[in-house]
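Undergrad: This is the structure I want to talk about, given as structure tokens.
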Amino acid sequence: MKAPSVRAVVIACVMFIGSLAGMPAGAAQTAEDLEREVRETLRDERDLRRIEVSVQGSEATLTGIVESFWVKHRAIERALDVDGIETVASELELPEPEDDNDLAQEVARVVQRYPHYTIWDFINGRVQDGNVQLAGWVTPDRDKSGDLFERVAKIEGVQDVQSTIETLSTSQSDRRLRRSIMRQLARNTHFERLARMPNPPFHIVIDNGIVLLVGYVQGQIELIEMQRIVGQTQGVLRVENRLQTLR
């Protein structure tokens, strides 16, 4: 068989390169391709299967009725996970918001019943028109911030959740301070019962040796005693006492 001439090989290469240049960049996905991929990823979760999807360019629009803000949040997250989707426009509808006072009480109940919410964590927040704002501090032994966001987002009637919860230092010295303070509280007649409660009325937030006292104690004697115990614990650099008394 006769070998092709150099000129024929060059022409063949030019033709091949030219055909590649004519292809869509990155085997570009059409809007229909992206729409199909978003639908498929939403189908992985039962609560997301009824959501309608449309795609224009790199933006996906989600429409439909969902049962909670958590479902809405998950739908947006899943859509953004699809390669080629850069933005998501949400037209998802939620149930009408509850009365803000009732909703605030439910948020407080959910936080207090979180099994990993301890004396060393503190969460506060506010509710306005169904929109919940969470703030505070949590210890770093697990993703408490993420857990609490999910639990609050699942409350019926919540329209949005904004969280600025901070995770405290992983410092070993802070861990030792918590153990030392707990031992002293457990031996103190004013606090021995309260210190063993899963969610006592007061909280002790420790971050890099700085201690914040928040919540409630029975009276002025308990307030002074708490200040003394914490302030005299070796390793404590400063105490900010925001405790309030019940009488």
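By convention in this document, the chains of the structure tokens carry letters A, B, ... by their order, each chain's residues are numbered from 1, and ligands are numbered from 1 in the order they are shown.
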Would you mind listing what lies within 9 Å of A:Tyr114 as a VMD selection string, with only C-alpha atoms counted and same-chain residues fewer than 3 positions away left out?
TA: chain A and resid 109 to 111 117 to 118 147 to 148 151
Undergrad: Find the nearest atom pair between each residue of stretch 69-171 of chain A and stretch 30-39 of chain A for residues within 8 Å, count only C-alpha atoms, give distances in Å to one decimal, sort rows by chain and ascending number, and present the table as a tab-separated table.
TA:
```
residue	atom	partner	partner_atom	distance
A:Arg78	CA	A:Val38	CA	7.7
A:Ala79	CA	A:Val38	CA	5.6
A:Val82	CA	A:Val38	CA	6.4
A:Gly84	CA	A:Leu34	CA	7.1
A:Ile85	CA	A:Leu34	CA	7.5
```
Undergrad: Stretch 84-168 of chain A: which residues are helix (DSSP H, G or I) by DSSP, as a list in words?
TA: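 Those in stretch 84-168 of chain A that DSSP calls helix (DSSP H, G or I) are Asp100, Asn101, Asp102, Leu103, Ala104, Gln105, Glu106, Val107, Ala108, Arg109, Val110, Val111, Gln112, Lys144, Ser145, Gly146, Asp147, Leu148, Phe149, Glu150, Arg151, Val152 and Ala153 of chain A.
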Undergrad: Write out, as an mmCIF file, in the first residue's frame, the residues just selected, with C-alpha atoms.
TA:
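And here is the file that came out, selection_15.cif:
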```cif
data_model
loop_
_atom_site.group_PDB
_atom_site.id
_atom_site.type_symbol
_atom_site.label_atom_id
_atom_site.label_comp_id
_atom_site.auth_asym_id
_atom_site.auth_seq_id
_atom_site.Cartn_x
_atom_site.Cartn_y
_atom_site.Cartn_z
ATOM 1 C CA ASP A 100 -44.118 35.547 65.045
ATOM 2 C CA ASN A 101 -44.559 34.976 68.800
ATOM 3 C CA ASP A 102 -45.687 31.378 68.260
ATOM 4 C CA LEU A 103 -42.843 30.834 65.810
ATOM 5 C CA ALA A 104 -40.288 32.283 68.242
ATOM 6 C CA GLN A 105 -41.483 29.899 70.946
ATOM 7 C CA GLU A 106 -41.170 26.945 68.574
ATOM 8 C CA VAL A 107 -37.654 28.015 67.542
ATOM 9 C CA ALA A 108 -36.664 28.259 71.217
ATOM 10 C CA ARG A 109 -38.156 24.812 71.893
ATOM 11 C CA VAL A 110 -36.287 23.262 68.963
ATOM 12 C CA VAL A 111 -32.968 24.770 70.084
ATOM 13 C CA GLN A 112 -33.424 23.725 73.708
ATOM 14 C CA LYS A 144 -23.821 22.157 65.831
ATOM 15 C CA SER A 145 -24.336 25.247 63.690
ATOM 16 C CA GLY A 146 -25.385 23.135 60.702
ATOM 17 C CA ASP A 147 -27.596 20.888 62.836
ATOM 18 C CA LEU A 148 -29.436 23.839 64.364
ATOM 19 C CA PHE A 149 -29.876 25.519 60.986
ATOM 20 C CA GLU A 150 -31.513 22.369 59.641
ATOM 21 C CA ARG A 151 -33.786 21.878 62.652
ATOM 22 C CA VAL A 152 -35.015 25.478 62.595
ATOM 23 C CA ALA A 153 -35.381 25.498 58.791
#
```
Undergrad: Quick one: pull the distance between atom CA of A:Glu45 and atom CA of A:Gly157, Å, one decimal.
TA: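 About the pair atom CA of A:Glu45 and atom CA of A:Gly157: they are 21.1 Å apart.
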Undergrad: Have a look at atom CA of A:Ser180 and atom CA of A:Leu237 and let me know their distance in Å, one decimal.
TA: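 Pair atom CA of A:Ser180 / atom CA of A:Leu237 returns 14.4 Å.
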Undergrad: Set the distance at 10 Å and use only C-alpha atoms: which residues neighbour A:Leu94 once local chain neighbours fewer than 6 positions away are removed? I'd like the list as a PyMOL selection string.
TA: chain A and resi 64-69+71-72+156-160
Undergrad: Just all heavy atoms for this one: save the residues we selected as a JSON list (two decimals), in the first residue's frame.
TA:
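To be explicit, this is the file written out as selection.json:
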```json
[["chain", "number", "residue", "atom", "x", "y", "z"],
["A", 64, "GLY", "N", -42.77, 25.92, 42.29],
["A", 64, "GLY", "CA", -43.60, 24.90, 42.92],
["A", 64, "GLY", "C", -43.88, 25.26, 44.37],
["A", 64, "GLY", "O", -43.52, 26.34, 44.85],
["A", 65, "ILE", "N", -44.54, 24.36, 45.07],
["A", 65, "ILE", "CA", -44.88, 24.54, 46.48],
["A", 65, "ILE", "C", -44.11, 23.51, 47.29],
["A", 65, "ILE", "O", -44.14, 22.32, 46.98],
["A", 65, "ILE", "CB", -46.39, 24.37, 46.71],
["A", 65, "ILE", "CG1", -47.18, 25.41, 45.89],
["A", 65, "ILE", "CG2", -46.73, 24.51, 48.20],
["A", 65, "ILE", "CD1", -48.67, 25.22, 45.94],
["A", 66, "VAL", "N", -43.39, 23.96, 48.32],
["A", 66, "VAL", "CA", -42.63, 23.05, 49.19],
["A", 66, "VAL", "C", -43.10, 23.24, 50.62],
["A", 66, "VAL", "O", -43.66, 24.27, 50.99],
["A", 66, "VAL", "CB", -41.12, 23.30, 49.08],
["A", 66, "VAL", "CG1", -40.61, 22.91, 47.70],
["A", 66, "VAL", "CG2", -40.76, 24.75, 49.37],
["A", 67, "GLU", "N", -42.86, 22.23, 51.45],
["A", 67, "GLU", "CA", -43.45, 22.22, 52.78],
["A", 67, "GLU", "C", -42.66, 23.00, 53.82],
["A", 67, "GLU", "O", -43.17, 23.32, 54.89],
["A", 67, "GLU", "CB", -43.63, 20.79, 53.26],
["A", 67, "GLU", "CG", -42.33, 20.02, 53.42],
["A", 67, "GLU", "CD", -42.55, 18.58, 53.85],
["A", 67, "GLU", "OE1", -43.68, 18.09, 53.69],
["A", 67, "GLU", "OE2", -41.59, 17.96, 54.36],
["A", 68, "SER", "N", -41.38, 23.29, 53.55],
["A", 68, "SER", "CA", -40.58, 24.01, 54.55],
["A", 68, "SER", "C", -39.44, 24.75, 53.88],
["A", 68, "SER", "O", -39.05, 24.44, 52.74],
["A", 68, "SER", "CB", -40.02, 23.04, 55.60],
["A", 68, "SER", "OG", -39.04, 22.20, 55.02],
["A", 69, "PHE", "N", -38.87, 25.69, 54.64],
["A", 69, "PHE", "CA", -37.71, 26.41, 54.13],
["A", 69, "PHE", "C", -36.53, 25.46, 53.93],
["A", 69, "PHE", "O", -35.72, 25.66, 53.03],
["A", 69, "PHE", "CB", -37.30, 27.53, 55.09],
["A", 69, "PHE", "CG", -36.04, 28.24, 54.69],
["A", 69, "PHE", "CD1", -36.03, 29.10, 53.60],
["A", 69, "PHE", "CD2", -34.85, 28.02, 55.37],
["A", 69, "PHE", "CE1", -34.85, 29.72, 53.20],
["A", 69, "PHE", "CE2", -33.67, 28.64, 54.98],
["A", 69, "PHE", "CZ", -33.68, 29.50, 53.89],
["A", 71, "VAL", "N", -36.62, 22.41, 52.75],
["A", 71, "VAL", "CA", -36.77, 21.79, 51.43],
["A", 71, "VAL", "C", -36.35, 22.78, 50.35],
["A", 71, "VAL", "O", -35.66, 22.42, 49.39],
["A", 71, "VAL", "CB", -38.22, 21.31, 51.21],
["A", 71, "VAL", "CG1", -38.40, 20.75, 49.80],
["A", 71, "VAL", "CG2", -38.59, 20.25, 52.25],
["A", 72, "LYS", "N", -36.76, 24.02, 50.50],
["A", 72, "LYS", "CA", -36.36, 25.06, 49.54],
["A", 72, "LYS", "C", -34.84, 25.21, 49.52],
["A", 72, "LYS", "O", -34.22, 25.26, 48.44],
["A", 72, "LYS", "CB", -37.01, 26.38, 49.94],
["A", 72, "LYS", "CG", -36.60, 27.58, 49.10],
["A", 72, "LYS", "CD", -37.31, 28.85, 49.58],
["A", 72, "LYS", "CE", -36.86, 30.07, 48.81],
["A", 72, "LYS", "NZ", -37.58, 31.31, 49.26],
["A", 156, "GLU", "N", -42.43, 24.41, 60.39],
["A", 156, "GLU", "CA", -43.47, 24.87, 59.47],
["A", 156, "GLU", "C", -43.74, 26.37, 59.68],
["A", 156, "GLU", "O", -43.89, 26.83, 60.81],
["A", 156, "GLU", "CB", -44.77, 24.09, 59.71],
["A", 156, "GLU", "CG", -45.87, 24.46, 58.73],
["A", 156, "GLU", "CD", -47.13, 23.62, 58.90],
["A", 156, "GLU", "OE1", -47.11, 22.68, 59.72],
["A", 156, "GLU", "OE2", -48.13, 23.91, 58.23],
["A", 157, "GLY", "N", -43.78, 27.10, 58.60],
["A", 157, "GLY", "CA", -44.06, 28.53, 58.66],
["A", 157, "GLY", "C", -42.81, 29.40, 58.60],
["A", 157, "GLY", "O", -42.91, 30.60, 58.34],
["A", 158, "VAL", "N", -41.63, 28.83, 58.83],
["A", 158, "VAL", "CA", -40.39, 29.60, 58.72],
["A", 158, "VAL", "C", -40.15, 29.94, 57.26],
["A", 158, "VAL", "O", -40.16, 29.07, 56.40],
["A", 158, "VAL", "CB", -39.20, 28.80, 59.30],
["A", 158, "VAL", "CG1", -37.88, 29.45, 58.90],
["A", 158, "VAL", "CG2", -39.30, 28.71, 60.81],
["A", 159, "GLN", "N", -39.94, 31.22, 56.98],
["A", 159, "GLN", "CA", -39.75, 31.69, 55.62],
["A", 159, "GLN", "C", -38.28, 31.78, 55.21],
["A", 159, "GLN", "O", -37.95, 31.67, 54.03],
["A", 159, "GLN", "CB", -40.40, 33.07, 55.46],
["A", 159, "GLN", "CG", -41.87, 33.12, 55.83],
["A", 159, "GLN", "CD", -42.72, 32.23, 54.95],
["A", 159, "GLN", "OE1", -42.77, 32.44, 53.73],
["A", 159, "GLN", "NE2", -43.38, 31.24, 55.53],
["A", 160, "ASP", "N", -37.42, 31.99, 56.19],
["A", 160, "ASP", "CA", -35.99, 32.12, 55.88],
["A", 160, "ASP", "C", -35.22, 31.95, 57.19],
["A", 160, "ASP", "O", -35.76, 32.22, 58.28],
["A", 160, "ASP", "CB", -35.69, 33.48, 55.27],
["A", 160, "ASP", "CG", -34.28, 33.58, 54.68],
["A", 160, "ASP", "OD1", -33.65, 32.52, 54.52],
["A", 160, "ASP", "OD2", -33.83, 34.71, 54.40]]
```
Undergrad: Which is closer to A:Val217 than all the others in A:Asn199, A:Gln232, A:Gln162, A:Thr245, using only C-alpha atoms?
TA: A:Thr245
Undergrad: Between A:Gln29, A:Asn131, A:Ser90, A:Gln220, which is the closest to A:Ser58 once you count only C-alpha atoms?
TA: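 Result for the nearest residue to A:Ser58: A:Gln29.
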Undergrad: Hey, can you check how far atom CA of A:Arg176 sits from atom CA of A:Asp141?
TA: 14.1 Å
